[in-house]
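This report concerns only the one structure given below.
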Amino acid sequence: MPAAAPQKPQPKPTQSTARRPVLLDLPYAPLERSPLPPGRDRGWYITHNRRLKAMRLAIALLDSGVYVPNQARDETIRSTALKIGVHPPSDTTCHMVRALMRYCR
C-alpha cells in the first residue's frame with residue numbers, strides 16, 4: 001500500500017493566512033503632516049481640510065459601530081468629534097460624512 005502524501009495543515013480560523021508575517025510598529029504614531037501646497041485659492045484649502053475632517057469622522061464612526069448613514073445623525077457625528085478631539089463639524093461637514101459612509105460601501 002503506498003504511503004499517503006503528507007497533507008498541509010489547514011489554518012485555524014483565527015490564524016493569519018498571509019505567506020509572510022506582517023510587521024506592526026507599536027506603539028502607533030500618526031504620520032508627520034506635510035505642508036499644503038502654496039498658491040491655491042482659499043476655497044481650495046477650506047474644502048481640502050473639510051474633506052480630511054469628514055474622513056477622520058467617518059473612520060471614527062465606523063470604528064465605533066455606526067455603519068449606516070441613517071444612524072449617523074448630526075448629534076452622533078458631533079459627539080464623535082468631541083471624543084476624538086476634533087472641533088464640532090458644521091452641517092455641511094456632517095452631510096459629507098454621511099456621503100462618505102454611503103459611497104464607501
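Labels used: A, B, ... for chains in the order of the C-alpha cells, numbers from 1 for residues in each chain, and numbers from 1 for ligands as shown.
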- Using only C-alpha atoms, which residues sit within 8 Å of Leu100 (chain A) once same-chain residues fewer than 2 positions away are excluded, as a VMD selection string? chain A and resid 54 to 55 58 96 to 98 102 to 104
- Among the residues A:Ser90, A:Thr76, A:Ser34, A:Asn49, the one that comes closest to Leu62 (chain A) [using only C-alpha atoms]: A:Thr76
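Residues lying within 9 Å of Ala60 (chain A), counting only C-alpha atoms and ignoring same-chain neighbours fewer than 4 positions away, are Met55, Arg56, Ser64, Gly65, Val66, Thr80, Ala81 and Ile84 of chain A.
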Just the selected residues (N, CA and C atoms), exported as a tab-separated table (two decimals), in the first residue's frame, please.
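Done, and the output landed in again.tsv:
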```tsv
chain	number	residue	atom	x	y	z
A	55	MET	N	-13.33	62.61	6.57
A	55	MET	CA	-12.77	61.25	6.54
A	55	MET	C	-12.43	60.77	7.94
A	56	ARG	N	-11.82	61.62	8.75
A	56	ARG	CA	-11.50	61.23	10.12
A	56	ARG	C	-12.75	60.87	10.90
A	64	SER	N	-16.61	52.93	15.80
A	64	SER	CA	-17.50	52.87	16.97
A	64	SER	C	-18.76	52.05	16.71
A	65	GLY	N	-18.93	51.54	15.49
A	65	GLY	CA	-20.06	50.66	15.22
A	65	GLY	C	-21.20	51.30	14.45
A	66	VAL	N	-21.03	52.52	13.98
A	66	VAL	CA	-22.06	53.17	13.17
A	66	VAL	C	-21.70	52.90	11.71
A	80	THR	N	-19.06	62.31	18.38
A	80	THR	CA	-17.86	61.56	17.99
A	80	THR	C	-16.69	62.52	17.79
A	81	ALA	N	-16.96	63.69	17.23
A	81	ALA	CA	-15.91	64.69	17.05
A	81	ALA	C	-15.32	65.11	18.39
A	84	ILE	N	-12.95	62.29	19.70
A	84	ILE	CA	-11.64	62.14	19.06
A	84	ILE	C	-10.83	63.43	19.07
```
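Each of A:Thr93, A:Asn70, A:Ser79, A:Ala99 was checked against Leu52 (chain A) using only C-alpha atoms; the smallest atom-to-atom distance is that of A:Thr93.
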